[in-house]
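target-v3.pdb (PDB, C-alpha atoms and all ligand atoms) appears below.
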```pdb
MODEL        1
ATOM      1  CA  MET A   1     116.450  40.199  84.613
ATOM      2  CA  PRO A   2     116.662  43.892  83.519
ATOM      3  CA  SER A   3     118.828  46.207  85.584
ATOM      4  CA  LEU A   4     117.046  48.736  87.805
ATOM      5  CA  ALA A   5     117.817  51.573  85.404
ATOM      6  CA  GLN A   6     115.963  49.771  82.597
ATOM      7  CA  LEU A   7     112.744  49.408  84.579
ATOM      8  CA  PRO A   8     109.872  51.795  83.834
ATOM      9  CA  ILE A   9     108.650  54.647  85.987
ATOM     10  CA  GLY A  10     105.222  53.771  87.401
ATOM     11  CA  ILE A  11     102.790  56.685  87.214
ATOM     12  CA  PHE A  12      99.268  56.284  88.525
ATOM     13  CA  ASP A  13      95.981  58.073  88.814
ATOM     14  CA  SER A  14      92.293  57.375  89.230
ATOM     15  CA  GLY A  15      91.844  57.770  85.456
ATOM     16  CA  VAL A  16      93.123  59.851  82.556
ATOM     17  CA  GLY A  17      94.095  62.976  84.525
ATOM     18  CA  GLY A  18      97.536  61.710  85.532
ATOM     19  CA  LEU A  19      98.507  61.770  81.861
ATOM     20  CA  THR A  20      99.245  65.491  82.397
ATOM     21  CA  VAL A  21     102.031  64.270  84.703
ATOM     22  CA  ALA A  22     103.100  61.508  82.298
ATOM     23  CA  ARG A  23     103.377  64.160  79.594
ATOM     24  CA  ALA A  24     105.684  66.315  81.728
ATOM     25  CA  VAL A  25     107.807  63.265  82.615
ATOM     26  CA  MET A  26     108.073  62.293  78.928
ATOM     27  CA  GLN A  27     109.235  65.823  78.082
ATOM     28  CA  ARG A  28     111.758  65.969  80.928
ATOM     29  CA  LEU A  29     112.976  62.360  80.618
ATOM     30  CA  PRO A  30     112.455  61.374  76.961
ATOM     31  CA  HIS A  31     114.408  58.113  77.224
ATOM     32  CA  GLU A  32     112.543  56.672  80.171
ATOM     33  CA  ARG A  33     109.943  53.949  79.924
ATOM     34  CA  ILE A  34     106.607  54.709  81.554
ATOM     35  CA  LEU A  35     104.045  52.297  82.922
ATOM     36  CA  TYR A  36     100.882  54.312  83.453
ATOM     37  CA  PHE A  37      97.955  53.036  85.492
ATOM     38  CA  GLY A  38      94.476  54.611  85.341
ATOM     39  CA  ASP A  39      91.695  53.119  87.429
ATOM     40  CA  THR A  40      89.003  53.954  84.878
ATOM     41  CA  ALA A  41      86.538  51.418  86.342
ATOM     42  CA  ARG A  42      86.326  53.299  89.645
ATOM     43  CA  VAL A  43      87.039  56.928  88.744
ATOM     44  CA  PRO A  44      86.239  59.495  90.168
ATOM     45  CA  TYR A  45      88.019  59.075  93.489
ATOM     46  CA  GLY A  46      87.460  62.692  94.512
ATOM     47  CA  VAL A  47      83.971  62.057  95.879
ATOM     48  CA  LYS A  48      84.860  58.854  97.760
ATOM     49  CA  SER A  49      85.803  58.316 101.407
ATOM     50  CA  PRO A  50      89.455  58.311 102.555
ATOM     51  CA  ASP A  51      89.202  54.608 103.517
ATOM     52  CA  THR A  52      87.990  53.624 100.056
ATOM     53  CA  ILE A  53      90.639  55.751  98.341
ATOM     54  CA  ARG A  54      93.365  54.199 100.528
ATOM     55  CA  HIS A  55      92.135  50.694  99.671
ATOM     56  CA  PHE A  56      92.242  51.479  95.924
ATOM     57  CA  ALA A  57      95.681  53.111  96.249
ATOM     58  CA  ARG A  58      97.087  50.022  97.984
ATOM     59  CA  GLN A  59      95.777  47.773  95.205
ATOM     60  CA  ILE A  60      97.306  49.922  92.446
ATOM     61  CA  THR A  61     100.625  50.184  94.284
ATOM     62  CA  ALA A  62     100.766  46.394  94.688
ATOM     63  CA  TYR A  63     100.007  45.939  90.989
ATOM     64  CA  LEU A  64     102.718  48.335  89.817
ATOM     65  CA  LEU A  65     105.321  46.922  92.194
ATOM     66  CA  GLU A  66     104.543  43.435  90.921
ATOM     67  CA  GLN A  67     105.128  44.658  87.349
ATOM     68  CA  ARG A  68     108.496  46.040  88.552
ATOM     69  CA  VAL A  69     109.102  49.768  88.405
ATOM     70  CA  LYS A  70     112.088  51.821  89.579
ATOM     71  CA  LEU A  71     110.103  54.798  90.854
ATOM     72  CA  LEU A  72     106.456  55.465  91.683
ATOM     73  CA  ILE A  73     104.772  58.769  90.958
ATOM     74  CA  VAL A  74     101.382  59.345  92.576
ATOM     75  CA  ALA A  75      99.911  61.519  89.835
ATOM     76  CA  CYS A  76      96.523  61.864  91.537
ATOM     77  CA  ASN A  77      96.081  64.660  94.056
ATOM     78  CA  THR A  78      93.246  62.813  95.761
ATOM     79  CA  MET A  79      95.380  59.698  96.399
ATOM     80  CA  ALA A  80      98.346  61.867  97.367
ATOM     81  CA  ALA A  81      96.122  63.730  99.846
ATOM     82  CA  VAL A  82      94.821  60.712 101.734
ATOM     83  CA  ALA A  83      96.995  57.683 100.919
ATOM     84  CA  VAL A  84     100.589  58.738 100.358
ATOM     85  CA  GLU A  85     101.875  57.391 103.684
ATOM     86  CA  GLU A  86     100.393  53.948 103.026
ATOM     87  CA  ILE A  87     101.875  53.925  99.528
ATOM     88  CA  GLN A  88     105.286  54.904 100.878
ATOM     89  CA  LYS A  89     105.107  52.188 103.538
ATOM     90  CA  MET A  90     104.423  49.522 100.896
ATOM     91  CA  SER A  91     107.041  50.634  98.401
ATOM     92  CA  PRO A  92     110.674  49.539  98.318
ATOM     93  CA  VAL A  93     111.246  52.059  95.485
ATOM     94  CA  PRO A  94     111.108  55.863  95.927
ATOM     95  CA  VAL A  95     107.687  57.528  95.789
ATOM     96  CA  LEU A  96     107.041  61.052  94.505
ATOM     97  CA  ASN A  97     103.692  62.764  94.519
ATOM     98  CA  VAL A  98     102.031  65.748  92.904
ATOM     99  CA  LEU A  99     100.760  67.246  96.150
ATOM    100  CA  ALA A 100     104.153  67.594  97.830
ATOM    101  CA  ALA A 101     105.630  68.965  94.594
ATOM    102  CA  GLY A 102     102.835  71.526  94.147
ATOM    103  CA  ALA A 103     103.015  72.694  97.756
ATOM    104  CA  ARG A 104     106.775  73.186  97.530
ATOM    105  CA  TYR A 105     106.540  75.152  94.323
ATOM    106  CA  ALA A 106     103.682  77.341  95.617
ATOM    107  CA  ALA A 107     105.517  78.147  98.857
ATOM    108  CA  HIS A 108     108.461  79.212  96.711
ATOM    109  CA  CYS A 109     106.298  81.328  94.322
ATOM    110  CA  THR A 110     104.150  83.349  96.698
ATOM    111  CA  ARG A 111     105.162  86.903  97.501
ATOM    112  CA  THR A 112     102.247  87.874  99.755
ATOM    113  CA  GLY A 113     101.843  84.518 101.527
ATOM    114  CA  HIS A 114      98.172  84.232 100.467
ATOM    115  CA  ILE A 115      97.739  80.960  98.613
ATOM    116  CA  GLY A 116      94.586  79.455  97.101
ATOM    117  CA  VAL A 117      94.093  75.727  96.599
ATOM    118  CA  ILE A 118      91.489  74.100  94.368
ATOM    119  CA  GLY A 119      90.891  70.363  94.154
ATOM    120  CA  THR A 120      88.387  67.558  94.541
ATOM    121  CA  LEU A 121      86.166  67.287  97.618
ATOM    122  CA  ALA A 122      88.360  64.535  99.116
ATOM    123  CA  THR A 123      91.549  66.574  98.602
ATOM    124  CA  ILE A 124      90.117  69.775 100.064
ATOM    125  CA  ASN A 125      88.410  67.995 102.995
ATOM    126  CA  SER A 126      91.681  66.232 103.876
ATOM    127  CA  HIS A 127      93.475  69.588 104.420
ATOM    128  CA  ALA A 128      96.583  67.849 103.083
ATOM    129  CA  TYR A 129      97.691  70.943 101.137
ATOM    130  CA  ASP A 130      97.310  73.095 104.261
ATOM    131  CA  HIS A 131      99.499  70.658 106.222
ATOM    132  CA  ALA A 132     102.140  70.419 103.488
ATOM    133  CA  LEU A 133     102.281  74.214 103.007
ATOM    134  CA  HIS A 134     102.390  74.983 106.717
ATOM    135  CA  ALA A 135     105.169  72.428 107.207
ATOM    136  CA  LEU A 136     107.203  74.490 104.717
ATOM    137  CA  THR A 137     106.162  77.989 105.903
ATOM    138  CA  PRO A 138     103.963  78.117 109.016
ATOM    139  CA  THR A 139     102.825  81.714 108.410
ATOM    140  CA  LEU A 140     101.171  81.075 105.031
ATOM    141  CA  ASP A 141      97.523  82.046 104.728
ATOM    142  CA  ILE A 142      95.695  79.296 102.821
ATOM    143  CA  HIS A 143      92.239  79.409 101.263
ATOM    144  CA  SER A 144      90.717  76.299  99.713
ATOM    145  CA  GLN A 145      87.844  75.574  97.404
ATOM    146  CA  ALA A 146      86.543  72.222  96.155
ATOM    147  CA  CYS A 147      85.631  72.352  92.455
ATOM    148  CA  PRO A 148      83.922  68.997  91.782
ATOM    149  CA  LEU A 149      82.322  70.077  88.502
ATOM    150  CA  PHE A 150      85.676  70.728  86.820
ATOM    151  CA  VAL A 151      86.557  67.030  86.363
ATOM    152  CA  PRO A 152      83.499  66.099  84.240
ATOM    153  CA  LEU A 153      83.731  69.386  82.311
ATOM    154  CA  VAL A 154      87.346  68.668  81.367
ATOM    155  CA  GLU A 155      86.571  65.058  80.425
ATOM    156  CA  GLU A 156      83.771  66.378  78.216
ATOM    157  CA  GLY A 157      86.386  68.533  76.469
ATOM    158  CA  TRP A 158      84.686  71.796  77.517
ATOM    159  CA  LEU A 159      87.966  73.550  78.092
ATOM    160  CA  ASP A 160      86.874  76.885  76.697
ATOM    161  CA  HIS A 161      83.120  76.727  77.035
ATOM    162  CA  PRO A 162      80.798  79.396  78.469
ATOM    163  CA  VAL A 163      79.425  76.890  80.995
ATOM    164  CA  THR A 164      82.914  76.114  82.296
ATOM    165  CA  ARG A 165      83.692  79.825  82.489
ATOM    166  CA  LEU A 166      80.559  80.435  84.567
ATOM    167  CA  VAL A 167      81.368  77.525  86.884
ATOM    168  CA  ALA A 168      84.941  78.819  87.299
ATOM    169  CA  GLN A 169      83.700  82.323  88.139
ATOM    170  CA  GLU A 170      81.375  80.884  90.776
ATOM    171  CA  TYR A 171      84.074  78.668  92.350
ATOM    172  CA  LEU A 172      86.868  81.232  92.280
ATOM    173  CA  GLN A 173      85.097  84.353  93.461
ATOM    174  CA  SER A 174      85.582  83.595  97.167
ATOM    175  CA  LEU A 175      89.314  82.932  96.598
ATOM    176  CA  LEU A 176      89.720  86.155  94.656
ATOM    177  CA  ALA A 177      88.128  88.091  97.507
ATOM    178  CA  LYS A 178      90.960  86.779  99.727
ATOM    179  CA  ARG A 179      93.518  88.469  97.480
ATOM    180  CA  ILE A 180      95.557  85.324  96.816
ATOM    181  CA  ASP A 181      98.656  85.735  94.638
ATOM    182  CA  THR A 182      99.178  82.011  93.956
ATOM    183  CA  LEU A 183      96.644  79.335  93.054
ATOM    184  CA  ILE A 184      97.512  75.646  93.285
ATOM    185  CA  LEU A 185      95.786  73.529  90.641
ATOM    186  CA  GLY A 186      95.355  70.651  93.083
ATOM    187  CA  CYS A 187      93.790  68.161  90.683
ATOM    188  CA  THR A 188      95.222  66.375  87.658
ATOM    189  CA  HIS A 189      92.471  67.695  85.357
ATOM    190  CA  TYR A 190      92.853  71.377  86.085
ATOM    191  CA  PRO A 191      96.022  72.106  84.050
ATOM    192  CA  LEU A 192      93.854  71.694  80.941
ATOM    193  CA  LEU A 193      91.760  74.628  82.156
ATOM    194  CA  LYS A 194      94.790  76.902  82.595
ATOM    195  CA  PRO A 195      93.923  79.401  79.808
ATOM    196  CA  LEU A 196      90.333  79.721  81.029
ATOM    197  CA  LEU A 197      91.376  80.012  84.690
ATOM    198  CA  GLU A 198      93.998  82.633  83.832
ATOM    199  CA  HIS A 199      91.282  84.614  82.151
ATOM    200  CA  VAL A 200      88.923  84.356  85.137
ATOM    201  CA  ILE A 201      91.537  84.979  87.814
ATOM    202  CA  GLY A 202      93.685  87.613  86.093
ATOM    203  CA  ASP A 203      97.394  88.064  85.456
ATOM    204  CA  ASP A 204      98.397  88.830  89.017
ATOM    205  CA  VAL A 205      97.817  85.291  90.276
ATOM    206  CA  THR A 206     100.419  82.584  89.556
ATOM    207  CA  LEU A 207      98.881  79.230  88.683
ATOM    208  CA  VAL A 208     100.827  76.279  90.075
ATOM    209  CA  ASP A 209     100.720  73.065  88.056
ATOM    210  CA  SER A 210     102.815  70.455  89.801
ATOM    211  CA  ALA A 211     103.408  68.246  86.733
ATOM    212  CA  ALA A 212     106.645  69.958  85.665
ATOM    213  CA  THR A 213     107.898  70.146  89.255
ATOM    214  CA  VAL A 214     107.347  66.452  89.887
ATOM    215  CA  ALA A 215     109.041  65.624  86.569
ATOM    216  CA  ASP A 216     112.081  67.676  87.669
ATOM    217  CA  GLN A 217     112.119  65.841  90.987
ATOM    218  CA  ALA A 218     112.000  62.495  89.167
ATOM    219  CA  ALA A 219     114.952  63.495  86.975
ATOM    220  CA  GLU A 220     116.978  64.599  89.980
ATOM    221  CA  LEU A 221     116.174  61.503  92.005
ATOM    222  CA  LEU A 222     117.001  59.054  89.208
ATOM    223  CA  ALA A 223     120.263  60.890  88.453
ATOM    224  CA  THR A 224     121.268  60.788  92.133
ATOM    225  CA  HIS A 225     120.525  57.054  92.339
ATOM    226  CA  LYS A 226     122.226  56.419  88.976
ATOM    227  CA  ARG A 227     119.031  54.933  87.585
ATOM    228  CA  LEU A 228     118.618  56.979  84.420
ATOM    229  CA  ARG A 229     118.465  55.157  81.100
ATOM    230  CA  SER A 230     121.087  56.081  78.551
ATOM    231  CA  ALA A 231     120.485  58.850  75.992
ATOM    232  CA  ASP A 232     120.267  56.335  73.131
ATOM    233  CA  ALA A 233     117.620  54.184  74.847
ATOM    234  CA  HIS A 234     114.296  53.889  73.051
ATOM    235  CA  PRO A 235     111.336  54.628  75.330
ATOM    236  CA  GLU A 236     108.273  52.387  75.284
ATOM    237  CA  HIS A 237     105.186  53.388  77.188
ATOM    238  CA  ARG A 238     102.392  51.140  78.424
ATOM    239  CA  TYR A 239      99.009  52.190  79.719
ATOM    240  CA  CYS A 240      96.992  49.903  81.984
ATOM    241  CA  VAL A 241      93.363  50.670  82.708
ATOM    242  CA  THR A 242      90.595  48.826  84.561
ATOM    243  CA  ASP A 243      87.746  49.631  82.140
ATOM    244  CA  VAL A 244      86.844  51.089  78.716
ATOM    245  CA  PRO A 245      90.340  51.287  77.163
ATOM    246  CA  GLN A 246      88.853  52.817  74.020
ATOM    247  CA  ARG A 247      87.569  55.910  75.848
ATOM    248  CA  PHE A 248      90.855  56.198  77.752
ATOM    249  CA  GLN A 249      92.668  56.224  74.436
ATOM    250  CA  GLU A 250      90.376  58.916  72.990
ATOM    251  CA  VAL A 251      90.175  61.262  75.985
ATOM    252  CA  GLY A 252      93.735  60.492  77.048
ATOM    253  CA  GLY A 253      95.188  61.917  73.850
ATOM    254  CA  ARG A 254      93.979  65.357  74.971
ATOM    255  CA  PHE A 255      95.767  65.045  78.301
ATOM    256  CA  LEU A 256      98.927  63.602  76.835
ATOM    257  CA  GLY A 257      99.047  66.035  73.937
ATOM    258  CA  ARG A 258      99.593  63.213  71.437
ATOM    259  CA  PRO A 259      97.890  59.976  70.420
ATOM    260  CA  LEU A 260      98.494  57.079  72.755
ATOM    261  CA  HIS A 261      98.846  53.383  71.996
ATOM    262  CA  ASN A 262      99.467  50.189  73.973
ATOM    263  CA  VAL A 263      96.399  50.536  76.214
ATOM    264  CA  GLU A 264      95.742  47.287  78.083
ATOM    265  CA  LEU A 265      92.738  46.260  80.118
ATOM    266  CA  VAL A 266      93.823  44.780  83.460
ATOM    267  CA  ALA A 267      92.074  43.475  86.566
ATOM    268  CA  LEU A 268      93.251  44.315  90.081
TER
HETATM  269  N1  LIG B   1      92.796  62.423  89.673
HETATM  270  C1  LIG B   1      91.942  63.117  90.613
HETATM  271  C2  LIG B   1      92.782  64.187  91.339
HETATM  272  O1  LIG B   1      93.828  64.600  90.896
HETATM  273  C3  LIG B   1      90.762  63.758  89.927
HETATM  274  C4  LIG B   1      89.748  62.770  89.390
HETATM  275  C5  LIG B   1      89.052  61.982  90.470
HETATM  276  O2  LIG B   1      88.225  62.533  91.235
HETATM  277  O3  LIG B   1      89.332  60.788  90.565
HETATM  278  O4  LIG B   1      92.391  64.629  92.381
ENDMDL
END
```

In structure tokens, what does this structure look like?
Amino acid sequence: MPSLAQLPIGIFDSGVGGLTVARAVMQRLPHERILYFGDTARVPYGVKSPDTIRHFARQITAYLLEQRVKLLIVACNTMAAVAVEEIQKMSPVPVLNVLAAGARYAAHCTRTGHIGVIGTLATINSHAYDHALHALTPTLDIHSQACPLFVPLVEEGWLDHPVTRLVAQEYLQSLLAKRIDTLILGCTHYPLLKPLLEHVIGDDVTLVDSAATVADQAAELLATHKRLRSADAHPEHRYCVTDVPQRFQEVGGRFLGRPLHNVELVAL
């Protein structure tokens, strides 16, 4: 049986979006093995009810724990917003999530205390970012906006398209009127829109992408628990999806920033 240090890091999302987190983890921890799970049969989660999302999150957690992982990273803001406590309760291994990481980084970045949050409908309706931010700094002024059209636009590859620009202007105008100085990209897909969003929102607003922060947290946690693989270890990555592995492979390359292999179709 492999030692704990040799086990992969389990990273999961509703689909391809969490690959932005996998990419940051691969950069920060190049010797670690990654087992990525994308629930491509049931994506998007962002328009579903909290009960349904929790049910899906429990199934994925059980699957990854059965495969044996040394750390779980909830790379989906929607699951982190409504299901993180259930996931933590089920897991004997540490659990990190993008929402907590993003909130922490944003609270650290803001100078004026006016923070904007964008995400899926489920994430915004849960108010999970408001709770996480207020737990860190109760005086923060938080303004949220659901941006449901961004996910299909990103999956379509319309990262710098006039339609996407128009949609972004429409979504962000109310946040801009609130004079925010920090904007949390509270959805796995939004980091791919960074250049376009920067253009729409201007230089004075810091965009918070939690992928790098969560990767730093993973590195720190594994070092503390002495569960890092050695610097000469060869990383292998596996990708498990619940439908259309071919499309995951094609679209996923954009999120991961390199071609991906070893995509397996699995059933939950
Ligand atoms: N992964 C989801 C998130 O980060 C976006 C896609 C979906 O709606 O499932 O919120």

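In this comparison, which uses only C-alpha atoms, the residue of A:Ala168, A:Met90, A:Val84, A:Ile142 approaching Ala103 in chain A most closely is A:Ile142.
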
* Structure fact -> The residue from A:Gln217, A:Asn97, A:Thr164, A:Thr112 with the smallest atom-to-atom distance to Ile11 in chain A, counting all atoms listed in the file, is A:Asn97

* To do: Find the residues near Thr110 in chain A: any atom within 9 Å, counting all atoms listed in the file, skip ones fewer than 2 places away on the same chain, and give them as an MDAnalysis selection string.
  => chainID A and resid 105:108 112:115 180:182 206

* Asked: Applied to the shown file, which residues does the PyMOL selection byres (((not hetatm)) within 10 of (chain B and resi 1)) return, written as a ChimeraX atom specification?
  -> /A:12-19,38-40,42-48,53,74-81,98-99,118-124,148-152,155,185-190

* Asked: Looking at A:Leu192, A:Gly252, A:Val154, A:Leu159, which one is nearest to Asp209 in chain A, with distances taken over only C-alpha atoms?
  ->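 Residue with the minimum atom-to-atom distance to Asp209 in chain A: A:Leu192.
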
* To do: Can you pull out every residue within 9 Å of Val263 in chain A, counting only C-alpha atoms, but drop anything in the same chain fewer than 3 positions away, and send it as number ranges by chain?
  => A: 238-241, 245-246, 248-249, 260

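Of the listed residues (A:Thr213, A:Ser230, A:Gln27, A:Gln145), A:Thr213 comes nearest to Leu96 in chain A; the distances count all atoms listed in the file.
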
* Asked: So which residues get picked by the PyMOL selection byres (((chain A and resi 87) around 9) and not hetatm) here, written as a VMD selection string?
  -> chain A and resid 54 57 to 58 61 74 80 83 to 86 88 to 91 95

Got a sec to resolve the PyMOL selection byres (((chain A and resi 171) around 12) and not hetatm) on this structure and send the residues as a short mmCIF file (atom, residue, chain, number, x, y, z; two decimals) with C-alpha atoms, in the coordinates of the input?
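Ended up saving to expr.cif:
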```
data_model
loop_
_atom_site.label_atom_id
_atom_site.label_comp_id
_atom_site.auth_asym_id
_atom_site.auth_seq_id
_atom_site.Cartn_x
_atom_site.Cartn_y
_atom_site.Cartn_z
CA GLY A 116 94.59 79.46 97.10
CA VAL A 117 94.09 75.73 96.60
CA ILE A 118 91.49 74.10 94.37
CA GLY A 119 90.89 70.36 94.15
CA SER A 144 90.72 76.30 99.71
CA GLN A 145 87.84 75.57 97.40
CA ALA A 146 86.54 72.22 96.16
CA CYS A 147 85.63 72.35 92.46
CA PRO A 148 83.92 69.00 91.78
CA LEU A 149 82.32 70.08 88.50
CA PHE A 150 85.68 70.73 86.82
CA THR A 164 82.91 76.11 82.30
CA ARG A 165 83.69 79.82 82.49
CA LEU A 166 80.56 80.44 84.57
CA VAL A 167 81.37 77.53 86.88
CA ALA A 168 84.94 78.82 87.30
CA GLN A 169 83.70 82.32 88.14
CA GLU A 170 81.38 80.88 90.78
CA LEU A 172 86.87 81.23 92.28
CA GLN A 173 85.10 84.35 93.46
CA SER A 174 85.58 83.60 97.17
CA LEU A 175 89.31 82.93 96.60
CA LEU A 176 89.72 86.16 94.66
CA ALA A 177 88.13 88.09 97.51
CA LEU A 197 91.38 80.01 84.69
CA VAL A 200 88.92 84.36 85.14
CA ILE A 201 91.54 84.98 87.81
#
```

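Minimum atom-to-atom distance to Leu7 in chain A, evaluated using all atoms listed in the file, belongs to A:Arg229 out of A:Arg254, A:His234, A:Arg229, A:Arg111.
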
* **One-decimal distance in Å that lies between CA of Glu250 in chain A and CA of His237 in chain A** => 16.4 Å

* Nearest to Leu136 in chain A, chosen from A:His161, A:Arg104, A:Arg227, A:Arg247, with all atoms listed in the file counted in the distances -> A:Arg104

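Note that CA of Arg258 in chain A and CA of Trp158 in chain A are 18.2 Å apart.
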
* Tell me, in Å to one decimal, how far CA of Val25 in chain A is from CA of Val251 in chain A. =>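 Between CA of Val25 in chain A and CA of Val251 in chain A the gap works out to 18.9 Å.
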
Take range 1-25 of chain A from the block and save it with N, CA and C atoms, as a PDB file, in the first residue's frame.
```
ATOM      1  N   MET A   1       0.845  -1.204   0.000  1.00  0.00           N
ATOM      2  CA  MET A   1       0.000   0.000   0.000  1.00  0.00           C
ATOM      3  C   MET A   1       0.884   1.260   0.000  1.00  0.00           C
ATOM      4  N   PRO A   2       0.594   2.245  -0.914  1.00  0.00           N
ATOM      5  CA  PRO A   2       1.463   3.436  -0.965  1.00  0.00           C
ATOM      6  C   PRO A   2       1.358   4.256   0.312  1.00  0.00           C
ATOM      7  N   SER A   3       2.470   4.926   0.661  1.00  0.00           N
ATOM      8  CA  SER A   3       2.422   5.782   1.845  1.00  0.00           C
ATOM      9  C   SER A   3       1.541   6.982   1.550  1.00  0.00           C
ATOM     10  N   LEU A   4       1.091   7.654   2.622  1.00  0.00           N
ATOM     11  CA  LEU A   4       0.177   8.802   2.432  1.00  0.00           C
ATOM     12  C   LEU A   4       0.757   9.849   1.494  1.00  0.00           C
ATOM     13  N   ALA A   5       2.059  10.095   1.621  1.00  0.00           N
ATOM     14  CA  ALA A   5       2.684  11.137   0.795  1.00  0.00           C
ATOM     15  C   ALA A   5       2.565  10.825  -0.694  1.00  0.00           C
ATOM     16  N   GLN A   6       2.535   9.518  -1.025  1.00  0.00           N
ATOM     17  CA  GLN A   6       2.492   9.148  -2.456  1.00  0.00           C
ATOM     18  C   GLN A   6       1.104   9.241  -3.062  1.00  0.00           C
ATOM     19  N   LEU A   7       0.088   9.395  -2.223  1.00  0.00           N
ATOM     20  CA  LEU A   7      -1.283   9.452  -2.746  1.00  0.00           C
ATOM     21  C   LEU A   7      -1.511  10.757  -3.496  1.00  0.00           C
ATOM     22  N   PRO A   8      -2.447  10.757  -4.447  1.00  0.00           N
ATOM     23  CA  PRO A   8      -2.717  12.004  -5.181  1.00  0.00           C
ATOM     24  C   PRO A   8      -3.531  13.006  -4.361  1.00  0.00           C
ATOM     25  N   ILE A   9      -3.531  14.238  -4.859  1.00  0.00           N
ATOM     26  CA  ILE A   9      -4.417  15.269  -4.336  1.00  0.00           C
ATOM     27  C   ILE A   9      -5.710  15.167  -5.147  1.00  0.00           C
ATOM     28  N   GLY A  10      -6.834  15.068  -4.480  1.00  0.00           N
ATOM     29  CA  GLY A  10      -8.124  15.007  -5.178  1.00  0.00           C
ATOM     30  C   GLY A  10      -8.658  16.419  -5.385  1.00  0.00           C
ATOM     31  N   ILE A  11      -8.903  16.777  -6.631  1.00  0.00           N
ATOM     32  CA  ILE A  11      -9.434  18.112  -6.933  1.00  0.00           C
ATOM     33  C   ILE A  11     -10.744  17.915  -7.680  1.00  0.00           C
ATOM     34  N   PHE A  12     -11.819  18.569  -7.224  1.00  0.00           N
ATOM     35  CA  PHE A  12     -13.072  18.312  -7.941  1.00  0.00           C
ATOM     36  C   PHE A  12     -13.907  19.546  -8.199  1.00  0.00           C
ATOM     37  N   ASP A  13     -14.702  19.387  -9.261  1.00  0.00           N
ATOM     38  CA  ASP A  13     -15.540  20.480  -9.756  1.00  0.00           C
ATOM     39  C   ASP A  13     -16.752  19.870 -10.459  1.00  0.00           C
ATOM     40  N   SER A  14     -17.684  20.736 -10.806  1.00  0.00           N
ATOM     41  CA  SER A  14     -18.849  20.270 -11.563  1.00  0.00           C
ATOM     42  C   SER A  14     -18.463  19.912 -13.007  1.00  0.00           C
ATOM     43  N   GLY A  15     -17.358  20.416 -13.500  1.00  0.00           N
ATOM     44  CA  GLY A  15     -16.967  20.135 -14.886  1.00  0.00           C
ATOM     45  C   GLY A  15     -15.516  20.471 -15.147  1.00  0.00           C
ATOM     46  N   VAL A  16     -15.285  21.250 -16.195  1.00  0.00           N
ATOM     47  CA  VAL A  16     -13.905  21.594 -16.580  1.00  0.00           C
ATOM     48  C   VAL A  16     -13.302  22.737 -15.767  1.00  0.00           C
ATOM     49  N   GLY A  17     -14.168  23.604 -15.203  1.00  0.00           N
ATOM     50  CA  GLY A  17     -13.698  24.853 -14.600  1.00  0.00           C
ATOM     51  C   GLY A  17     -12.613  24.680 -13.543  1.00  0.00           C
ATOM     52  N   GLY A  18     -12.712  23.606 -12.763  1.00  0.00           N
ATOM     53  CA  GLY A  18     -11.758  23.379 -11.682  1.00  0.00           C
ATOM     54  C   GLY A  18     -10.348  23.130 -12.187  1.00  0.00           C
ATOM     55  N   LEU A  19     -10.212  22.950 -13.503  1.00  0.00           N
ATOM     56  CA  LEU A  19      -8.862  22.771 -14.062  1.00  0.00           C
ATOM     57  C   LEU A  19      -8.034  24.040 -13.884  1.00  0.00           C
ATOM     58  N   THR A  20      -8.692  25.209 -13.689  1.00  0.00           N
ATOM     59  CA  THR A  20      -7.911  26.424 -13.407  1.00  0.00           C
ATOM     60  C   THR A  20      -7.201  26.258 -12.055  1.00  0.00           C
ATOM     61  N   VAL A  21      -7.846  25.529 -11.149  1.00  0.00           N
ATOM     62  CA  VAL A  21      -7.233  25.264  -9.835  1.00  0.00           C
ATOM     63  C   VAL A  21      -6.160  24.181  -9.978  1.00  0.00           C
ATOM     64  N   ALA A  22      -6.482  23.135 -10.756  1.00  0.00           N
ATOM     65  CA  ALA A  22      -5.494  22.066 -10.978  1.00  0.00           C
ATOM     66  C   ALA A  22      -4.219  22.651 -11.589  1.00  0.00           C
ATOM     67  N   ARG A  23      -4.402  23.595 -12.487  1.00  0.00           N
ATOM     68  CA  ARG A  23      -3.242  24.229 -13.140  1.00  0.00           C
ATOM     69  C   ARG A  23      -2.369  24.958 -12.111  1.00  0.00           C
ATOM     70  N   ALA A  24      -3.002  25.694 -11.213  1.00  0.00           N
ATOM     71  CA  ALA A  24      -2.239  26.412 -10.182  1.00  0.00           C
ATOM     72  C   ALA A  24      -1.536  25.429  -9.242  1.00  0.00           C
ATOM     73  N   VAL A  25      -2.216  24.317  -8.932  1.00  0.00           N
ATOM     74  CA  VAL A  25      -1.602  23.314  -8.038  1.00  0.00           C
ATOM     75  C   VAL A  25      -0.413  22.651  -8.748  1.00  0.00           C
TER      76      VAL A  25
END
```
